[in-house]
Structure formats: structure tokens, C-alpha cells
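> There's a structure below that I have some questions on.
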Protein chains: 2
Amino acid sequence: MDYQSFCQQYQPSKKELFTQFYRFFKDKFSVKNERIAVEKLATIIEATFKLSANQSFANMSLRQLSKESGLSMGGLYAYIQNKQQLSLFIHEFLSYFVIKTINQVTKNKGCNNLECIIKTHIYLSELLQPWFFFAFMESKNLSRDEIKAAIQSDLLMESKLIEVIKRGQQEEIYSTILKAETVASLTKPLLSEWYLKRWKYKKRGMSIDQYCLAVMIFIERGLTSPHSLSEFENNEKP
Amino acid sequence: MDYQSFCQQYQPSKKELFTQFYRFFKDKFSVKNERIAVEKLATIIEATFKLSANQSFANMSLRQLSKESGLSMGGLYAYIQNKQQLSLFIHEFLSYFVIKTINQVTKNKGCNNLECIIKTHIYLSELLQPWFFFAFMESKNLSRDEIKAAIQSDLLMESKLIEVIKRGQQEEIYSTILKAETVASLTKPLLSEWYLKRWKYKKRGMSIDQYCLAVMIFIERGLTSPHSLSEFENNEKP
DNA sequence: TAAAAAATCGAGCGTTCGCTCTATATTGAC
DNA sequence: GTCAATATAGAGCGAACGCTCGATTTTTTA
């Protein structure tokens with residue numbers, strides 16, 4: 001699986017994505033016409049990402065959002081009940097979408113391994129980079145109840161990682177020197193790195209598949225040269 | 001070097017820390033009495049960390065800060081010229097302090113290696129956890145000019161990492177399968193992980209030195225079991 | 001201990017915020 | 001083309017914001 005083939009199977013068009021978004025929260029919107037709502041929601045959400053990236057969601061005013069999205073204040077409030085809900089919608093839909101896709105992918109034959117899960121996450125975070133970035137940066141503004149729904153996808157990701165690592169350890173493909181939970185915890189920030197510092201890797205000319213390969217090599221092999229591995233075993237093993 | 005010995009050498013008392021802070025920005029404060037200023041600055045900064053952690057700096061009002069720190073609005077403004085400057089001071093002082101300490105540590109004999117640099121960063125981020133957390137989460141609110149000063153410590157850290165990795169590669173201790181720059185970039189989020197998700201590791205009962213060890217093992221050895229390394233070499237090497 | 005200097009107080013200023021509500025414009029069924 | 005139904009506009013509301021400044025308290029000086 002590479003990024004291109006992933007996209008062919010799982011990349012929704014903008015229209016498809018926001019149609020799903022609209023239907024997910026359908027009863028919360030006062031706008032009943034799906035065609036209109038989907039189009040307006042797309043501009044609202046995208047304007048939110050743009051403004052939040054430059055400042056932060058808290059510093060973004062609804063007047064700015066109104067101007068950026070081309071809707072009036074009243075028009076805006078046909079789609080959100082309050083500012084906080086806008087942030088909540090983004091978190092909840094992303095979580096739903098990530099879970100859905102991960103479950104789809106891992107159901108495929110030969111796709112329930114470390115490489116596949118890691119690639120799925122990185123590819124997804126590329127398709128929905130503004131969503132992932134927003135969710136990471138603004139997660140603090142959620143109340144305790146709201147967080148529970150929002151981190152479901154995080155928990156699923158972590159449990160999937162632990163599962164495949166444990167299996168690898170049982171099959172003696174993977175070392176047991178670190179607990180699977182520890183490896184999973186250390187792996188997650190390598191996934192976030194891609195969507196948090198995306199500009200950095202673009203600037204360096206590193207493609208997403210090169211990044212995935214680097215992460216896989218890093219996770220599986222580490223830094224140590226095969227030449228010096230035996231020495232290392234003697235010196236550093238606790 | 002372990003955390004305890006690091007603390008003995010480099011941990012400043014609260015008073016020492018904020019005395020340095022006061023002197024670093026001395027001419028910006030209207031309060032001339034160092035003893036008074038140091039004490040008040042400590043309460044202001046700590047209140048800022050507390051409130052920003054629960055909401056965000058943008059959502060924190062100066063009335064909240066006034067209440068939390070026990071100073072009046074006017075009292076507060078003897079120490080800051082405006083809200084934005086408070087955030088800027090925190091960023092700038094942290095960057096200064098980190099650079100100072102890293103340079104101190106790496107000057108020591110036998111301390112210019114990967115383990116030492118990584119430990120220094122993780123230990124520092126433990127001593128100054130609220131500072132690191134704040135700087136990471138609120139970096140977006142800085143203007144372009146302000147960012148330049150704030151990320152100096154980040155750039156220093158990255159260049160130190162690259163330096164020692166390159167040296168390790170020349171000495172054939174480290175594999176050259178990944179570029180030093182790539183390894184350094186993937187290492188950094190493992191350092192941030194400790195201060196961003198500190199509660200998680202505390203809850204698990206993982207000590208800071210256990211975390212450091214896990215990171216070192218992860219970086220140097222990766223996941224692959226020595227048993228399967230030779231197979232892996234044949235299958236996965238690009 | 002009295003006067004000068006320094007530090008703090010907090011009501012109040014102008015502004016902007018999130019949000020509402022009525023008037024208007026747009027849409028779709030017939 | 002007409003008329004309900006639906007969707008959008010934007011001035012206006014009270015509240016909260018960042019910040020100021022003369023009054024007051026605390027500290028230092030002599």
C-alpha cells in the first residue's frame with residue numbers, strides 16, 4: 001500500500017466528506033436543504049481551519065469567520081448553535097471518520113500489521129491535515145465530557161498498535177525489551193509529527209511515502225548499525 | 001547521569017529561577033525592588049501556567065489572572081505592558097534558559113553524545129514542565145519576528161542531535177540507512193511526548209529515568225528482535 | 001518617625017465579543 | 001409566475017474584554 005493507492009480507495013471528495021459531515025449532525029442544523037448546507041458547511045469549516053491556524057480557535061472571532069466564509073452572522077448561526085459547538089463538531093466528526101477508515105482498512109487481508117496501521121494513520125492525517133492539526137491544537141478547549149468522544153479514535157489507534165506489536169513479540173519478530181504499551185506510546189508522536197510539522201518535510205522535499213518508510217525503519221531497526229549491535233547488547237541491555 | 005544527579009547540578013530553586021527571569025527583562029518592569037518583583041513574578045507566571053493549562057492563554061482573561069495571582073489589575077500591569085508580552089516573556093526566557101543549560105551540560109567531558117543530549121532535554125522539560133507545555137501549546141500566538149527568538153533553543157537542540165548522530169554514523173556505531181537530519185526530526189517528538197503527556201506516564205508509574213531508557217532503546221535498537229534481524233535485512237532494506 | 005518614593009488598588013473607559021432577532025432575499029412546488 | 005417555506009442579512013444587545021489612571025497603601029530613606 002502506498003499513498004496513491006490509499007487515496008484511490010479511501011479519499012472522499014470535498015463534497016462527499018461534507019455530505020457525511022452534514023448527515024452526521026443533521027438534526028443539529030436548521031438548514032434542511034442538503035445541497036445548500038453541504039456547500040456552506042465546507043466554507044465554514046475551511047474558514048475555521050484557516051483562521052485557527054493563523055491565530056487559534058479562541059482568538060478567532062465569529063465576525064472574522066463570517067467575513068472569511070462569506071456568510072453573515074445570522075447565516076453562520078443557521079449551522080452552529082454556538083462557537084464552542086463548531087469546535088466540538090470538528091472533533092467529533094474527525095474521530096468518527098478516523099475510526100471508520102481504520103476499521104475498513106484493517107479488515108482487509110494482510111493489513112493488520114504495524115506497517116499498515118501506521119501508514120493508514122499517516123495517510124489519513126495527510127488527507128485531513130487541517131482536521132488533525134486543529135484537533136490536536138484545540139483539544140484543550142473541550143470539556144471533560146467532550147474529550148471522551150473526541151479521543152475515541154486515539155484510543156482505537158493505540159489499542160491497534162499494541163495489538164500488532166504484542167503479536168509481533170509473540171512471534172519473536174519483535175523484541176520484548178520494551179513493553180508493547182511503551183512502544184505504542186512512543187510511536188504515536190511520530191505519527192503526529194507528520195501533520196504538525198508538515199511544512200518542514202515539504203520544504204525538505206520529503207514525500208509522505210518517504211516519511212512512512214523512515215518511520216518504519218526508525219521504529220523497527222532503530223539507529224544502531226548492525227555492525228555494532230553485538231557490542232551494544234552487552235553494554236546497554238538492562 | 002540520572003535525573004537526581006542532574007537536579008543537584010542544574011535545578012534552580014524557584015527563587016533562583018525567577019531572579020534570573022527578573023534580571024533577564026529588568027528594564028521592562030516598572031517594579032525596581034528585586035525581592036518584591038521576583039516573588040510577584042513567580043505568582044503571576046505560575047498562575048498563567050495554571051489558567052492556560054485549563055483553557056488556553058487566549059481564553060485566559062487578565063481578570064482571572066488577577067484573581068488567581070492575588071494581584072489587582074493595576075498591580076499586574078506593573079509587570080507586563082500587555083497580555084501578549086506576558087506570553088512572549090515566557091517563550092523568550094525558556095529559550096534562553098534551555099540554551100544556557102544545554103551548553104553547560106555538553107561542555108562536560110563525556111557528555112557530548114546522544115544519550116546525554118536526550119537526557120538533558122527530557123530532564124529540563126521535567127524541571128520546567130509547565131514552561132515547556134506552555135511554549136509548545138501557545139507558540140502559534142507569536143508573530144513571525146517573535147518566533148525567531150523563541151525557537152532558537154529548538155534549533156540548537158536539533159543541531160546538537162544531528163551533530164552527534166553524524167559522528168556516530170562516521171564511527172559506524174550508527175546505521176546510515178536514515179539521514180542524521182531525519183533521525184533528529186523523528187527524535188524530537190519523543191522528547192516533547194514526555195512533557196505533553198506527562199500525566200499519562202505518571203499514571204502508569206513510569207519514572208523519568210525509565211522513560212529515558214525506553215526512548216534510548218527505541219531510538220538505538222528499534223523494535224526488531226535480534227533473532228529476526230538478518231531476515232529483516234534481506235526483506236526490508238530499500 | 002516623617003517625608004519621599006515605590007508599589008498596588010480597582011472603578012471605569014472604549015472596544016469587541018458571542019449571540020439574537022426581525023426584516024429581507026432566495027428557493028422549490030404547483 | 002405565485003406563494004409558502006426556507007435561508008440569509010446585519011444592526012443591535014448585554015457582557016466581558018484589555019487596559020488606564022488617580023487614589024491609596026506599603027516600603028525605603030534619612
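Every chain in the C-alpha cells takes a letter, A first, then B, and so on in the order presented; its residues are numbered from 1, and the ligands are numbered from 1 following the presented order.
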Could you produce a table of the residues of chain B lying within 9 Å of chain A, with the nearest pair of atoms per residue and their separation in Å rounded to one decimal, using only C-alpha atoms, ordered by chain and increasing residue number, as a Markdown table?


```
| residue | atom | partner | partner_atom | distance |
| --- | --- | --- | --- | --- |
| B:Ala53 | CA | A:Lys140 | CA | 7.7 |
| B:Asn54 | CA | A:Lys140 | CA | 7.1 |
| B:Gln55 | CA | A:Asn141 | CA | 5.7 |
| B:Ser56 | CA | A:Lys140 | CA | 7.2 |
| B:Phe57 | CA | A:Ala58 | CA | 8.9 |
| B:Ala58 | CA | A:Ala58 | CA | 5.9 |
| B:Asn59 | CA | A:Ala58 | CA | 6.1 |
| B:Met137 | CA | A:Met137 | CA | 7.0 |
| B:Glu138 | CA | A:Ser56 | CA | 8.9 |
| B:Lys140 | CA | A:Gln55 | CA | 6.3 |
| B:Asn141 | CA | A:Gln55 | CA | 5.7 |
| B:Leu142 | CA | A:Gln55 | CA | 8.6 |
| B:Ile165 | CA | A:Leu223 | CA | 8.8 |
| B:Gln169 | CA | A:Ser225 | CA | 8.2 |
| B:Glu172 | CA | A:Ser225 | CA | 6.6 |
| B:Ile173 | CA | A:Ser225 | CA | 5.6 |
| B:Tyr174 | CA | A:Thr224 | CA | 4.5 |
| B:Ser175 | CA | A:Ser225 | CA | 4.0 |
| B:Thr176 | CA | A:Ser225 | CA | 7.7 |
| B:Ile177 | CA | A:Ile217 | CA | 8.3 |
| B:Leu178 | CA | A:Ala214 | CA | 6.8 |
| B:Thr182 | CA | A:Ala214 | CA | 7.6 |
| B:Val183 | CA | A:Phe218 | CA | 7.6 |
| B:Ser185 | CA | A:Glu193 | CA | 8.7 |
| B:Leu186 | CA | A:Leu190 | CA | 6.4 |
| B:Thr187 | CA | A:Leu190 | CA | 8.4 |
| B:Pro189 | CA | A:Pro189 | CA | 5.7 |
| B:Leu190 | CA | A:Leu186 | CA | 6.4 |
| B:Ser192 | CA | A:Pro189 | CA | 8.4 |
| B:Glu193 | CA | A:Pro189 | CA | 6.6 |
| B:Tyr211 | CA | A:Thr182 | CA | 8.8 |
| B:Ala214 | CA | A:Leu178 | CA | 6.8 |
| B:Val215 | CA | A:Leu186 | CA | 7.6 |
| B:Ile217 | CA | A:Leu178 | CA | 8.0 |
| B:Phe218 | CA | A:Gly222 | CA | 6.3 |
| B:Ile219 | CA | A:Gly222 | CA | 4.9 |
| B:Glu220 | CA | A:Leu223 | CA | 4.3 |
| B:Arg221 | CA | A:Gly222 | CA | 4.4 |
| B:Gly222 | CA | A:Gly222 | CA | 3.8 |
| B:Leu223 | CA | A:Glu220 | CA | 4.3 |
| B:Thr224 | CA | A:Tyr174 | CA | 4.5 |
| B:Ser225 | CA | A:Ser175 | CA | 3.9 |
| B:Pro226 | CA | A:Ser175 | CA | 7.2 |
| B:His227 | CA | A:Glu172 | CA | 7.3 |
| B:Ser228 | CA | A:Ile173 | CA | 5.7 |
| B:Leu229 | CA | A:Arg221 | CA | 8.2 |
| B:Phe232 | CA | A:Arg221 | CA | 8.9 |
| B:Glu236 | CA | A:Ile217 | CA | 8.6 |
| B:Lys237 | CA | A:Ile217 | CA | 8.7 |
```

> Which residues are near region 9-20 of chain C? Cut-off 9 Å, only C-alpha atoms (C1' of nucleotides), ignore same chain within fewer than 2 positions. Put them as a list in words.

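With the cut-off at 9 Å, the set is Ser61, Leu62, Met73, Gly74, Tyr77, Asn82 and Lys83 of chain A; Leu71, Ser72, Met73, Gly74 and Gly75 of chain B; DG12, DC13, DA15, DA16, DC17, DG18, DC19, DT20, DA23, DT24 and DT25 of chain D.
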
> Could the residues in this selection be written to a file with N, CA, C and O atoms (P, O5', C5', C4', C3', O3' and C1' of nucleotides), as a tab-separated table (two decimals), in the first residue's frame?


```
chain	number	residue	atom	x	y	z
A	61	SER	N	-12.57	35.34	16.00
A	61	SER	CA	-13.90	35.86	16.33
A	61	SER	C	-14.89	35.42	15.27
A	61	SER	O	-14.52	35.12	14.12
A	62	LEU	N	-16.15	35.38	15.65
A	62	LEU	CA	-17.16	34.95	14.69
A	62	LEU	C	-17.37	35.98	13.59
A	62	LEU	O	-17.86	35.66	12.52
A	73	MET	N	-23.48	36.98	10.07
A	73	MET	CA	-23.57	36.42	11.42
A	73	MET	C	-24.80	35.51	11.55
A	73	MET	O	-24.71	34.40	12.07
A	74	GLY	N	-25.91	36.01	11.04
A	74	GLY	CA	-27.13	35.22	11.12
A	74	GLY	C	-27.03	33.93	10.33
A	74	GLY	O	-27.47	32.87	10.78
A	77	TYR	N	-25.14	31.28	12.13
A	77	TYR	CA	-25.85	30.66	13.23
A	77	TYR	C	-26.98	29.73	12.78
A	77	TYR	O	-27.70	29.18	13.61
A	82	ASN	N	-23.55	27.54	18.83
A	82	ASN	CA	-22.62	28.48	19.47
A	82	ASN	C	-21.20	28.15	19.02
A	82	ASN	O	-20.96	27.15	18.35
A	83	LYS	N	-20.28	29.01	19.39
A	83	LYS	CA	-18.90	28.88	18.90
A	83	LYS	C	-18.27	27.55	19.33
A	83	LYS	O	-17.63	26.87	18.54
B	71	LEU	N	-3.07	39.57	42.65
B	71	LEU	CA	-2.77	40.98	42.38
B	71	LEU	C	-3.97	41.66	41.75
B	71	LEU	O	-4.81	41.02	41.14
B	72	SER	N	-4.03	42.97	41.87
B	72	SER	CA	-5.08	43.73	41.19
B	72	SER	C	-4.70	43.91	39.74
B	72	SER	O	-3.58	43.60	39.32
B	73	MET	N	-5.63	44.43	38.98
B	73	MET	CA	-5.34	44.70	37.57
B	73	MET	C	-4.16	45.65	37.44
B	73	MET	O	-3.25	45.43	36.64
B	74	GLY	N	-4.18	46.71	38.23
B	74	GLY	CA	-3.09	47.68	38.18
B	74	GLY	C	-1.76	47.06	38.58
B	74	GLY	O	-0.73	47.32	37.95
B	75	GLY	N	-1.80	46.23	39.62
B	75	GLY	CA	-0.59	45.56	40.08
B	75	GLY	C	0.02	44.69	39.00
B	75	GLY	O	1.23	44.69	38.78
D	12	DG	P	-28.82	49.92	14.73
D	12	DG	O5'	-28.95	48.86	15.91
D	12	DG	C5'	-30.15	48.10	16.04
D	12	DG	C4'	-30.03	47.19	17.23
D	12	DG	C3'	-29.36	47.83	18.46
D	12	DG	O3'	-30.11	47.48	19.62
D	12	DG	C1'	-28.26	45.83	17.92
D	13	DC	P	-29.89	48.25	21.00
D	13	DC	O5'	-29.69	47.04	22.01
D	13	DC	C5'	-30.61	45.94	22.01
D	13	DC	C4'	-30.02	44.82	22.84
D	13	DC	C3'	-29.27	45.32	24.07
D	13	DC	O3'	-29.98	44.97	25.26
D	13	DC	C1'	-27.96	43.71	22.83
D	15	DA	P	-25.95	41.91	31.24
D	15	DA	O5'	-24.58	41.18	30.84
D	15	DA	C5'	-24.63	40.06	29.97
D	15	DA	C4'	-23.21	39.66	29.62
D	15	DA	C3'	-22.20	39.83	30.75
D	15	DA	O3'	-21.35	38.71	30.78
D	15	DA	C1'	-21.49	41.08	28.87
D	16	DA	P	-20.34	38.46	31.99
D	16	DA	O5'	-18.93	38.62	31.27
D	16	DA	C5'	-18.70	37.94	30.05
D	16	DA	C4'	-17.47	38.52	29.41
D	16	DA	C3'	-16.31	38.75	30.39
D	16	DA	O3'	-15.16	38.06	29.91
D	16	DA	C1'	-16.74	40.70	29.10
D	17	DC	P	-13.76	38.07	30.63
D	17	DC	O5'	-12.90	38.99	29.64
D	17	DC	C5'	-12.80	38.62	28.26
D	17	DC	C4'	-12.23	39.79	27.49
D	17	DC	C3'	-11.00	40.40	28.12
D	17	DC	O3'	-9.85	39.70	27.65
D	17	DC	C1'	-12.50	42.09	27.30
D	18	DG	P	-8.50	39.85	28.44
D	18	DG	O5'	-7.89	41.20	27.87
D	18	DG	C5'	-7.64	41.34	26.49
D	18	DG	C4'	-7.18	42.75	26.20
D	18	DG	C3'	-5.92	43.18	26.94
D	18	DG	O3'	-5.14	44.00	26.08
D	18	DG	C1'	-7.69	44.59	27.58
D	19	DC	P	-3.67	44.48	26.55
D	19	DC	O5'	-3.99	45.83	27.32
D	19	DC	C5'	-4.68	46.88	26.62
D	19	DC	C4'	-5.07	47.97	27.59
D	19	DC	C3'	-3.96	48.51	28.50
D	19	DC	O3'	-3.60	49.81	28.04
D	19	DC	C1'	-6.06	48.35	29.60
D	20	DT	P	-2.55	50.74	28.81
D	20	DT	O5'	-3.49	51.72	29.66
D	20	DT	C5'	-4.50	52.45	28.99
D	20	DT	C4'	-5.15	53.43	29.96
D	20	DT	C3'	-4.17	54.29	30.78
D	20	DT	O3'	-4.69	55.61	30.81
D	20	DT	C1'	-5.61	53.12	32.24
D	23	DA	P	-7.01	61.88	42.63
D	23	DA	O5'	-7.13	60.53	43.48
D	23	DA	C5'	-8.37	59.85	43.50
D	23	DA	C4'	-8.25	58.64	44.42
D	23	DA	C3'	-7.75	58.96	45.83
D	23	DA	O3'	-8.49	58.18	46.76
D	23	DA	C1'	-6.29	57.40	44.81
D	24	DT	P	-8.24	58.30	48.35
D	24	DT	O5'	-7.27	57.08	48.63
D	24	DT	C5'	-7.70	55.75	48.38
D	24	DT	C4'	-6.56	54.80	48.65
D	24	DT	C3'	-5.92	54.93	50.04
D	24	DT	O3'	-6.16	53.73	50.75
D	24	DT	C1'	-4.29	54.65	48.33
D	25	DT	P	-5.69	53.62	52.30
D	25	DT	O5'	-4.47	52.61	52.16
D	25	DT	C5'	-4.64	51.37	51.47
D	25	DT	C4'	-3.28	50.79	51.18
D	25	DT	C3'	-2.43	50.51	52.42
D	25	DT	O3'	-2.03	49.15	52.37
D	25	DT	C1'	-1.17	51.67	50.78
```

> Compile the contact shell of Leu65 (chain A) as a CSV table (one decimal) with all heavy atoms, in the first residue's frame: residues with an atom at most 9 Å away, counting only C-alpha atoms (C1' of nucleotides), same-chain residues fewer than 6 positions apart removed.


```csv
chain,number,residue,atom,x,y,z
A,44,ILE,N,-17.5,27.1,5.8
A,44,ILE,CA,-17.4,27.5,7.2
A,44,ILE,C,-16.2,26.7,7.9
A,44,ILE,O,-15.4,27.3,8.5
A,44,ILE,CB,-18.7,27.2,8.0
A,44,ILE,CG1,-19.8,28.1,7.5
A,44,ILE,CG2,-18.5,27.3,9.5
A,44,ILE,CD1,-21.2,27.8,8.1
A,47,ALA,N,-12.9,27.8,6.5
A,47,ALA,CA,-12.5,29.1,7.0
A,47,ALA,C,-12.1,29.0,8.5
A,47,ALA,O,-11.1,29.7,8.9
A,47,ALA,CB,-13.7,30.1,6.9
A,48,THR,N,-12.7,28.2,9.2
A,48,THR,CA,-12.3,27.9,10.6
A,48,THR,C,-10.9,27.4,10.7
A,48,THR,O,-10.1,27.9,11.5
A,48,THR,CB,-13.3,26.9,11.3
A,48,THR,OG1,-14.6,27.4,11.2
A,48,THR,CG2,-12.9,26.7,12.8
A,51,LEU,N,-8.4,30.3,9.8
A,51,LEU,CA,-8.2,31.4,10.8
A,51,LEU,C,-7.6,30.8,12.1
A,51,LEU,O,-6.8,31.4,12.7
A,51,LEU,CB,-9.6,32.0,11.2
A,51,LEU,CG,-10.2,32.8,10.0
A,51,LEU,CD1,-11.7,33.1,10.3
A,51,LEU,CD2,-9.4,34.1,9.8
A,71,LEU,N,-20.4,34.4,4.8
A,71,LEU,CA,-21.8,34.4,5.4
A,71,LEU,C,-21.9,35.5,6.4
A,71,LEU,O,-21.0,36.0,7.0
A,71,LEU,CB,-22.0,33.0,6.1
A,71,LEU,CG,-22.7,31.9,5.3
A,71,LEU,CD1,-21.7,31.2,4.4
A,71,LEU,CD2,-23.4,31.0,6.1
A,73,MET,N,-23.5,37.0,10.1
A,73,MET,CA,-23.6,36.4,11.4
A,73,MET,C,-24.8,35.5,11.5
A,73,MET,O,-24.7,34.4,12.1
A,73,MET,CB,-23.7,37.5,12.5
A,73,MET,CG,-22.4,38.3,12.6
A,73,MET,SD,-21.0,37.3,13.2
A,73,MET,CE,-21.6,37.0,14.9
A,76,LEU,N,-24.4,32.3,9.7
A,76,LEU,CA,-23.5,31.4,10.4
A,76,LEU,C,-24.3,30.6,11.5
A,76,LEU,O,-24.1,29.4,11.6
A,76,LEU,CB,-22.4,32.2,11.1
A,76,LEU,CG,-21.0,31.8,11.1
A,76,LEU,CD1,-20.5,31.4,9.7
A,76,LEU,CD2,-20.1,32.9,11.6
```

> Work out how far CA of Arg204 (chain A) is from CA of Asn112 (chain B), in Å to one decimal.

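Separation between CA of Asn112 (chain B) and CA of Arg204 (chain A): 26.9 Å.
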
> Leaving out region 91-97 of chain A and any residue of its chain fewer than 2 positions from it, which residues lie within 9 Å of it when counting only C-alpha atoms (C1' of nucleotides), given as a ChimeraX atom specification?

/A:20-21,24-25,86-89,99-102,128,131-132,134-135,138-139,146-147,149-154

> I need the residues of region 105-189 of chain B that end up classed as alpha helix (DSSP H) by DSSP on the backbone, written out as JSON, numbers by chain.

{"B": [105, 106, 107, 114, 115, 116, 117, 118, 119, 120, 121, 122, 123, 124, 125, 126, 127, 129, 130, 131, 132, 133, 134, 135, 136, 137, 138, 144, 145, 146, 147, 148, 149, 150, 152, 153, 154, 155, 156, 157, 158, 159, 160, 161, 162, 163, 164, 165, 166, 167, 168, 169, 170, 180, 181, 182, 183, 184, 185, 186, 187, 188, 189]}

> Write to file, as an mmCIF file, in the first residue's frame, the residues of the selection just made, with C-alpha atoms.


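again.cif written:
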```cif
data_model
loop_
_atom_site.group_PDB
_atom_site.id
_atom_site.type_symbol
_atom_site.label_atom_id
_atom_site.label_comp_id
_atom_site.auth_asym_id
_atom_site.auth_seq_id
_atom_site.Cartn_x
_atom_site.Cartn_y
_atom_site.Cartn_z
ATOM 1 C CA VAL B 105 25.976 20.170 30.100
ATOM 2 C CA THR B 106 27.501 19.363 26.737
ATOM 3 C CA LYS B 107 30.708 21.137 27.735
ATOM 4 C CA LEU B 114 23.174 11.176 22.023
ATOM 5 C CA GLU B 115 22.166 9.815 25.396
ATOM 6 C CA CYS B 116 23.388 12.872 27.253
ATOM 7 C CA ILE B 117 21.680 15.360 24.965
ATOM 8 C CA ILE B 118 18.411 13.488 25.051
ATOM 9 C CA LYS B 119 18.523 13.129 28.813
ATOM 10 C CA THR B 120 19.361 16.781 29.259
ATOM 11 C CA HIS B 121 16.336 17.783 27.243
ATOM 12 C CA ILE B 122 13.976 15.404 28.992
ATOM 13 C CA TYR B 123 15.305 16.326 32.434
ATOM 14 C CA LEU B 124 14.995 20.015 31.648
ATOM 15 C CA SER B 125 11.459 19.565 30.406
ATOM 16 C CA GLU B 126 10.657 17.803 33.681
ATOM 17 C CA LEU B 127 12.086 20.610 35.804
ATOM 18 C CA GLN B 129 7.275 21.152 32.591
ATOM 19 C CA PRO B 130 4.715 23.969 32.705
ATOM 20 C CA TRP B 131 7.093 26.201 30.738
ATOM 21 C CA PHE B 132 7.646 23.597 28.021
ATOM 22 C CA PHE B 133 3.962 22.749 27.834
ATOM 23 C CA PHE B 134 3.020 26.405 27.566
ATOM 24 C CA ALA B 135 5.672 27.133 24.944
ATOM 25 C CA PHE B 136 4.538 24.208 22.801
ATOM 26 C CA MET B 137 0.829 24.940 23.024
ATOM 27 C CA GLU B 138 0.962 28.711 22.686
ATOM 28 C CA ARG B 144 6.795 35.940 12.850
ATOM 29 C CA ASP B 145 9.540 38.011 14.495
ATOM 30 C CA GLU B 146 8.794 36.680 17.922
ATOM 31 C CA ILE B 147 9.007 33.084 16.737
ATOM 32 C CA LYS B 148 12.594 33.545 15.660
ATOM 33 C CA ALA B 149 13.751 34.205 19.201
ATOM 34 C CA ALA B 150 11.531 31.526 20.682
ATOM 35 C CA GLN B 152 16.404 29.231 18.981
ATOM 36 C CA SER B 153 16.504 26.551 21.648
ATOM 37 C CA ASP B 154 14.684 24.172 19.336
ATOM 38 C CA LEU B 155 17.193 24.790 16.576
ATOM 39 C CA LEU B 156 20.105 24.321 18.958
ATOM 40 C CA MET B 157 18.645 21.044 20.148
ATOM 41 C CA GLU B 158 18.175 19.812 16.602
ATOM 42 C CA SER B 159 21.692 20.794 15.531
ATOM 43 C CA LYS B 160 23.194 19.066 18.579
ATOM 44 C CA LEU B 161 21.259 15.910 17.747
ATOM 45 C CA ILE B 162 22.363 15.979 14.134
ATOM 46 C CA GLU B 163 25.960 16.530 15.179
ATOM 47 C CA VAL B 164 26.214 13.535 17.485
ATOM 48 C CA ILE B 165 24.261 11.272 15.133
ATOM 49 C CA LYS B 166 26.554 12.148 12.250
ATOM 50 C CA ARG B 167 29.558 11.422 14.431
ATOM 51 C CA GLY B 168 28.051 8.076 15.412
ATOM 52 C CA GLN B 169 27.498 7.269 11.751
ATOM 53 C CA GLN B 170 31.095 8.116 10.865
ATOM 54 C CA ALA B 180 21.020 12.200 10.504
ATOM 55 C CA GLU B 181 18.585 15.055 9.866
ATOM 56 C CA THR B 182 15.726 12.598 9.552
ATOM 57 C CA VAL B 183 16.617 10.769 12.741
ATOM 58 C CA ALA B 184 16.907 14.069 14.590
ATOM 59 C CA SER B 185 13.481 15.145 13.346
ATOM 60 C CA LEU B 186 11.937 11.876 14.470
ATOM 61 C CA THR B 187 13.667 12.063 17.841
ATOM 62 C CA LYS B 188 12.309 15.467 18.789
ATOM 63 C CA PRO B 189 8.655 14.449 19.147
#
```

> Please measure the separation of CA of Asp209 (chain A) and CA of Lys50 (chain A), giving the value in Å to one decimal.

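Computed distance, CA of Asp209 (chain A) to CA of Lys50 (chain A), equals 26.0 Å.
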
> My list of candidates is B:Gln85, B:Lys202, B:Arg63, B:Leu196. Which is closest to chain D when distances are computed with only C-alpha atoms (C1' of nucleotides)?

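Among the listed residues, B:Arg63 lies closest to chain D.
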